[in-house]
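**Q** Sharing upload20.txt below, compact mmCIF, C-alpha atoms:
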```
# COMPACT_ATOMS: atom_id res chain seq x y z
CA LEU T 239 60.04 85.68 1.33
CA PRO T 240 59.19 86.07 -2.38
CA VAL T 241 62.18 84.05 -3.58
CA THR T 242 62.25 82.26 -6.92
CA VAL T 243 61.42 78.57 -6.53
CA LEU T 244 62.23 75.75 -8.96
CA ILE T 245 59.89 72.75 -8.62
CA CYS T 246 61.24 69.49 -10.06
CA GLY T 247 59.47 66.19 -10.58
CA GLU T 248 58.12 63.69 -13.07
CA THR T 249 55.10 64.50 -15.22
CA GLY T 250 51.91 64.22 -13.22
CA THR T 251 53.44 64.54 -9.74
CA GLY T 252 51.48 67.72 -8.97
CA LYS T 253 54.04 70.47 -9.55
CA ASP T 254 51.28 72.94 -10.43
CA ALA T 255 49.47 72.17 -7.18
CA VAL T 256 52.67 72.79 -5.21
CA ALA T 257 53.09 76.12 -7.00
CA ARG T 258 49.56 77.16 -6.05
CA VAL T 259 50.15 76.23 -2.41
CA ILE T 260 53.34 78.32 -2.38
CA HIS T 261 51.44 81.28 -3.83
CA GLU T 262 48.50 80.95 -1.45
CA SER T 263 50.83 80.67 1.54
CA GLY T 264 52.75 83.84 0.73
CA ASP T 265 52.24 87.58 1.05
CA ARG T 266 51.01 87.78 -2.55
CA ARG T 267 48.08 85.40 -2.12
CA SER T 268 45.55 88.22 -2.61
CA SER T 269 47.09 88.99 -6.02
CA ALA T 270 46.98 87.04 -9.26
CA PHE T 271 48.47 83.58 -9.80
CA LEU T 272 49.27 83.28 -13.50
CA PRO T 273 50.35 79.86 -14.86
CA VAL T 274 51.97 79.54 -18.29
CA ASN T 275 53.04 76.24 -19.84
CA CYS T 276 56.13 76.89 -21.93
CA GLY T 277 55.59 73.66 -23.85
CA GLU T 278 52.14 74.61 -25.15
CA PHE T 279 53.14 77.48 -27.44
CA SER T 280 55.48 78.12 -30.32
CA GLU T 281 58.38 80.49 -29.59
CA GLY T 282 56.70 83.53 -31.16
CA ILE T 283 53.35 83.02 -29.47
CA LEU T 284 54.95 82.34 -26.10
CA GLU T 285 57.00 85.52 -26.37
CA SER T 286 53.85 87.52 -27.12
CA GLU T 287 52.00 85.83 -24.23
CA LEU T 288 54.77 86.71 -21.78
CA PHE T 289 55.86 90.15 -22.95
CA GLY T 290 52.72 91.43 -24.65
CA HIS T 291 52.82 93.30 -27.95
CA GLU T 292 52.19 96.66 -29.50
CA ARG T 293 49.67 97.27 -32.22
CA GLY T 294 51.15 96.36 -35.59
CA ALA T 295 54.07 94.43 -34.09
CA PHE T 296 53.26 91.49 -36.37
CA THR T 297 50.51 90.29 -38.68
CA GLY T 298 47.29 90.05 -36.72
CA ALA T 299 48.39 92.39 -33.89
CA ILE T 300 45.48 94.79 -34.35
CA ASP T 301 45.60 96.10 -30.77
CA ARG T 302 48.09 96.61 -27.99
CA ARG T 303 48.05 93.69 -25.58
CA LYS T 304 49.48 93.35 -22.08
CA GLY T 305 51.64 90.29 -21.46
CA ILE T 306 51.77 87.97 -18.48
CA PHE T 307 54.81 89.74 -17.02
CA GLU T 308 52.89 93.00 -16.92
CA ILE T 309 49.69 91.46 -15.56
CA ALA T 310 51.65 89.56 -12.88
CA ASP T 311 52.84 92.77 -11.21
CA GLN T 312 52.58 92.24 -7.41
CA GLY T 313 51.46 88.66 -8.08
CA THR T 314 52.97 85.26 -8.93
CA LEU T 315 54.02 83.97 -12.34
CA PHE T 316 54.30 80.20 -12.69
CA LEU T 317 56.31 78.98 -15.69
CA ASP T 318 55.64 75.27 -16.13
CA GLU T 319 57.91 73.15 -18.36
CA ILE T 320 60.55 75.90 -18.28
CA SER T 321 62.98 73.50 -19.95
CA GLU T 322 60.95 73.77 -23.18
CA ALA T 323 61.73 77.47 -23.62
CA SER T 324 63.86 78.18 -26.70
CA PRO T 325 67.45 79.44 -26.31
CA ARG T 326 66.40 82.91 -27.49
CA LEU T 327 63.56 83.07 -25.01
CA GLN T 328 65.83 81.80 -22.23
CA THR T 329 68.09 84.80 -22.87
CA LYS T 330 65.16 87.19 -22.64
CA LEU T 331 63.86 85.48 -19.48
CA LEU T 332 67.26 85.87 -17.84
CA ARG T 333 67.27 89.57 -18.58
CA VAL T 334 63.78 90.02 -17.11
CA LEU T 335 64.71 88.11 -13.95
CA GLU T 336 67.84 90.20 -13.47
CA THR T 337 66.24 93.61 -14.05
CA LYS T 338 62.48 93.05 -13.62
CA THR T 339 62.10 95.18 -16.75
CA PHE T 340 61.02 94.21 -20.27
CA MET T 341 59.54 95.61 -23.47
CA ARG T 342 56.47 94.50 -25.33
CA VAL T 343 57.05 92.86 -28.71
CA GLY T 344 57.37 95.74 -31.15
CA GLY T 345 57.72 98.25 -28.32
CA SER T 346 60.50 100.63 -27.34
CA VAL T 347 59.46 101.70 -23.85
CA PRO T 348 60.87 99.65 -20.92
CA LEU T 349 58.21 98.43 -18.50
CA ARG T 350 58.74 97.27 -14.94
CA SER T 351 56.91 94.51 -13.08
CA ASP T 352 57.35 93.30 -9.51
CA PHE T 353 56.34 89.65 -9.87
CA ARG T 354 57.35 86.51 -8.02
CA LEU T 355 58.53 83.68 -10.24
CA LEU T 356 57.87 79.99 -9.68
CA ALA T 357 59.12 77.55 -12.31
CA ALA T 358 58.73 73.82 -12.84
CA THR T 359 60.37 71.14 -14.93
CA ASN T 360 60.19 67.39 -15.44
CA ARG T 361 63.70 67.33 -16.90
CA ASN T 362 67.13 67.27 -15.28
CA LEU T 363 68.23 70.86 -15.90
CA PRO T 364 71.92 70.34 -14.96
CA GLU T 365 72.06 67.62 -17.63
CA ALA T 366 70.33 69.98 -20.07
CA VAL T 367 72.98 72.59 -19.27
CA GLU T 368 75.77 70.09 -20.00
CA ALA T 369 74.06 69.19 -23.27
CA GLY T 370 73.92 72.86 -24.27
CA LYS T 371 70.11 72.95 -24.22
CA PHE T 372 69.64 75.21 -21.20
CA ARG T 373 71.50 78.30 -20.04
CA GLN T 374 73.56 77.77 -16.91
CA ASP T 375 73.13 81.38 -15.77
CA LEU T 376 69.35 81.04 -16.09
CA LEU T 377 69.46 77.87 -14.02
CA TYR T 378 71.32 79.80 -11.30
CA ARG T 379 68.55 82.40 -11.33
CA LEU T 380 65.80 79.80 -11.13
CA ASN T 381 67.06 77.47 -8.41
CA VAL T 382 67.37 79.97 -5.57
CA TYR T 383 65.27 77.39 -3.74
CA THR T 384 64.51 73.96 -5.19
CA ILE T 385 61.69 71.57 -4.32
CA GLU T 386 62.00 67.97 -5.48
CA ILE T 387 58.69 66.08 -5.74
CA PRO T 388 59.18 62.29 -5.64
CA PRO T 389 57.08 60.09 -7.95
CA LEU T 390 53.92 58.70 -6.38
CA HIS T 391 55.28 55.13 -6.17
CA GLU T 392 57.93 56.44 -3.76
CA ARG T 393 55.39 58.02 -1.40
CA LYS T 394 52.75 55.34 -1.00
CA ASP T 395 51.63 56.76 2.36
CA ASP T 396 50.17 59.75 0.48
CA ILE T 397 47.84 57.55 -1.56
CA PRO T 398 45.02 57.14 1.03
CA LEU T 399 44.95 60.91 1.63
CA LEU T 400 44.85 61.64 -2.10
CA VAL T 401 42.16 59.02 -2.66
CA GLU T 402 40.02 60.50 0.11
CA PHE T 403 40.46 64.03 -1.23
CA TYR T 404 39.59 63.25 -4.85
CA LEU T 405 36.84 60.81 -3.91
CA ALA T 406 35.12 63.61 -1.98
CA ARG T 407 35.63 66.05 -4.87
CA PHE T 408 34.13 63.77 -7.53
CA MET T 409 31.29 62.57 -5.31
CA LYS T 410 30.28 66.20 -4.97
CA SER T 411 30.76 66.94 -8.68
CA TYR T 412 28.71 63.96 -9.87
CA HIS T 413 26.24 63.94 -6.94
CA ARG T 414 27.04 60.34 -6.01
CA PRO T 415 26.14 59.09 -2.48
CA ILE T 416 29.16 56.81 -2.16
CA GLU T 417 30.20 55.91 1.38
CA GLY T 418 33.85 55.17 0.69
CA ILE T 419 36.27 52.64 -0.77
CA SER T 420 36.83 49.01 0.16
CA ASP T 421 40.00 47.79 1.86
CA GLU T 422 40.77 45.55 -1.12
CA ALA T 423 40.49 48.47 -3.55
CA MET T 424 42.69 50.64 -1.35
CA LEU T 425 45.28 47.85 -1.20
CA LEU T 426 45.32 47.66 -5.00
CA LEU T 427 45.79 51.41 -5.19
CA ARG T 428 48.69 51.27 -2.75
CA GLU T 429 50.37 48.41 -4.60
CA TYR T 430 49.98 49.89 -8.08
CA HIS T 431 53.19 51.37 -9.61
CA TRP T 432 51.57 54.66 -10.82
CA PRO T 433 53.48 55.48 -14.00
CA GLY T 434 51.22 58.52 -14.45
CA ASN T 435 51.67 59.69 -10.84
CA VAL T 436 48.98 61.86 -9.20
CA ARG T 437 47.43 62.77 -12.55
CA GLU T 438 46.70 59.08 -13.18
CA LEU T 439 45.25 58.67 -9.68
CA VAL T 440 42.89 61.60 -10.29
CA ASN T 441 41.71 60.01 -13.53
CA ILE T 442 41.14 56.63 -11.90
CA MET T 443 39.18 58.09 -8.97
CA GLU T 444 36.94 60.06 -11.32
CA ARG T 445 36.32 56.94 -13.39
CA ALA T 446 35.54 54.91 -10.25
CA VAL T 447 32.98 57.45 -9.03
CA ILE T 448 31.29 57.55 -12.46
CA THR T 449 31.03 53.76 -12.79
CA CYS T 450 30.12 52.93 -9.19
CA ARG T 451 26.43 52.13 -8.73
CA GLU T 452 26.78 50.76 -5.21
CA ASN T 453 27.53 52.59 -1.97
CA LEU T 454 31.17 51.47 -1.96
CA ILE T 455 33.96 51.62 -4.51
CA THR T 456 35.50 48.17 -4.85
CA SER T 457 38.35 46.63 -6.83
CA ARG T 458 36.10 46.01 -9.84
CA HIS T 459 35.77 49.76 -10.32
CA LEU T 460 39.54 50.05 -10.85
CA PRO T 461 40.82 49.64 -14.44
CA PHE T 462 43.93 47.65 -13.50
CA HIS T 463 41.97 44.98 -11.59
CA SER T 464 42.55 41.69 -13.45
CA GLY T 465 38.90 40.72 -13.41
CA ASN T 466 37.57 44.09 -14.46
CA GLY T 467 37.36 45.27 -18.05
CA GLU T 468 37.77 48.96 -18.85
CA LEU T 469 34.10 49.24 -19.77
CA ALA T 470 32.68 47.44 -16.74
CA GLY T 471 29.50 49.05 -15.51
CA LEU T 472 28.69 50.93 -18.74
CA PRO T 473 25.37 49.15 -19.36
CA ASN T 474 24.04 50.66 -16.12
CA LEU T 475 25.13 54.22 -16.91
CA SER T 476 23.09 56.98 -18.44
CA LEU T 477 24.13 58.05 -21.95
CA LYS T 478 25.63 61.25 -20.57
CA ASP T 479 27.70 59.42 -17.92
CA ALA T 480 28.76 56.73 -20.40
CA GLU T 481 29.96 59.39 -22.82
CA ARG T 482 31.88 61.17 -20.03
CA PHE T 483 33.44 57.84 -18.93
CA VAL T 484 34.59 56.89 -22.43
CA ILE T 485 36.05 60.34 -23.13
```
Rewrite the structure of this file - the entire thing - as structure tokens.

**A**
Amino acid sequence: LPVTVLICGETGTGKDAVARVIHESGDRRSSAFLPVNCGEFSEGILESELFGHERGAFTGAIDRRKGIFEIADQGTLFLDEISEASPRLQTKLLRVLETKTFMRVGGSVPLRSDFRLLAATNRNLPEAVEAGKFRQDLLYRLNVYTIEIPPLHERKDDIPLLVEFYLARFMKSYHRPIEGISDEAMLLLREYHWPGNVRELVNIMERAVITCRENLITSRHLPFHSGNGELAGLPNLSLKDAERFVI
């Protein structure tokens, strides 16, 4: 069913990946999946991105432009960091969710869009409601179904699967004939506290693949290994790989 889903979890836990899986598992998987990060834009720009605008609606609006709501018709709209939306925009979002109609910025003609909404937040929205920073009625609209994603340090059994997945991805991307990862390195990965969650694991696996010049990733390719400096292995890298590693 195309119900609205609220995905909650710490930064880096993979909320966007969960949203994509939900989209690809539903009836709308052949239509567009449109992610928008509400924390990346100022209020005015975000409003224009979502609702679109008419020509002349503001300085620089030289043409009519469709917004994400309009483009997402029959598809899925994913609003990440929904808690960062301004109070004014929260009011407009509530109206769109209730009626599935909206108007472009500077427009006067109501438009209708049949989109499915997925939203994500790394904040406690009930606490934000109590603090007066988030609309309670919008929260009711968003959490028809809620998915809580635990931090990575609470689901250590997922680490070997994630390591295997991203190791295969980066071996293919960088054309590295690596056979796998040592037991000692895997133990370190399982014991690490992962403050950056899955996003940090992805970064570490990419770094390990870039710096590994043997057929096996070992503990010395991991940045939190006590005997391994951050720049270990750089002398043996090409200039291009060294630059990619440092960046």

**Q** Counting all atoms listed in the file, find residues at most 12 Å from (66.0, 80.3, -22.7) (file frame) and give them as number ranges by chain.

**A** T: 276, 281, 284-285, 319-335, 363, 366-367, 370-377, 379-380

**Q** Rank T:Gly345, T:Leu454, T:Thr251, T:Val259 by their smallest atom-to-atom distance to Glu422 (chain T), using all atoms listed in the file, and report the top residue only.

**A**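 Counting all atoms listed in the file, the residue closest to Glu422 (chain T) is T:Leu454.
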
**Q** Can you tell me, as a ChimeraX atom specification, which residues sit within 7 Å of (54.4, 92.4, -9.0) in the file's frame, using all atoms listed in the file?

**A** /T:310-313,351-354

**Q** Mind dumping the selected residues with C-alpha atoms as a CSV table (one decimal), keeping the file's coordinate frame?

**A**
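Heads up, here's the output in again_18.csv:
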```csv
chain,number,residue,atom,x,y,z
T,310,ALA,CA,51.6,89.6,-12.9
T,311,ASP,CA,52.8,92.8,-11.2
T,312,GLN,CA,52.6,92.2,-7.4
T,313,GLY,CA,51.5,88.7,-8.1
T,351,SER,CA,56.9,94.5,-13.1
T,352,ASP,CA,57.4,93.3,-9.5
T,353,PHE,CA,56.3,89.6,-9.9
T,354,ARG,CA,57.4,86.5,-8.0
```

**Q** Would you pick out the contacts of Thr314 (chain T) at 12 Å or less, using all atoms listed in the file, so that residues sharing its chain but fewer than 2 positions from it are not included, and give the list as a PyMOL selection string?

**A** chain T and resi 240-243+257-274+306-312+316-317+351-357

**Q** State, in Å with one decimal place, the distance from CA of Arg437 (chain T) to CA of Leu425 (chain T).

**A**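 Computed distance, CA of Arg437 (chain T) to CA of Leu425 (chain T), equals 18.9 Å.
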
**Q** Could you check how far CA of Pro415 (chain T) sits from CA of Ala446 (chain T), in Å to one decimal?

**A**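 Between CA of Pro415 (chain T) and CA of Ala446 (chain T) the gap is 12.9 Å.
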
**Q** List every residue of region 332-412 of chain T that has an atom at most 9 Å from any atom of region 245-248 of chain T, and for each one report the closest atom pair and its distance in Å to one decimal, counting only C-alpha atoms, with rows sorted by chain and then by increasing residue number, as a tab-separated table.

**A**
```
residue	atom	partner	partner_atom	distance
T:Leu356	CA	T:Ile245	CA	7.6
T:Ala357	CA	T:Ile245	CA	6.1
T:Ala358	CA	T:Ile245	CA	4.5
T:Thr359	CA	T:Cys246	CA	5.2
T:Asn360	CA	T:Glu248	CA	4.9
T:Arg361	CA	T:Cys246	CA	7.6
T:Asn362	CA	T:Cys246	CA	8.2
T:Asn381	CA	T:Ile245	CA	8.6
T:Tyr383	CA	T:Ile245	CA	8.6
T:Thr384	CA	T:Ile245	CA	5.9
T:Ile385	CA	T:Ile245	CA	4.8
T:Glu386	CA	T:Cys246	CA	4.9
T:Ile387	CA	T:Gly247	CA	4.9
T:Pro388	CA	T:Gly247	CA	6.3
T:Pro389	CA	T:Glu248	CA	6.3
```

**Q** Can you work out the spacing between CA of Lys410 (chain T) and CA of Asn275 (chain T) in Å, to one decimal?

**A**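 CA of Asn275 (chain T) lies 29.0 Å from CA of Lys410 (chain T).
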
**Q** Give me the residues near region 417-420 of chain T as a list in words, where near means some atom within 6 Å (using all atoms listed in the file) and where sequence neighbours in that chain fewer than 6 positions away do not count.

**A**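 Result of the neighbour search: Asn453, Leu454, Ile455 and Thr456 of chain T.
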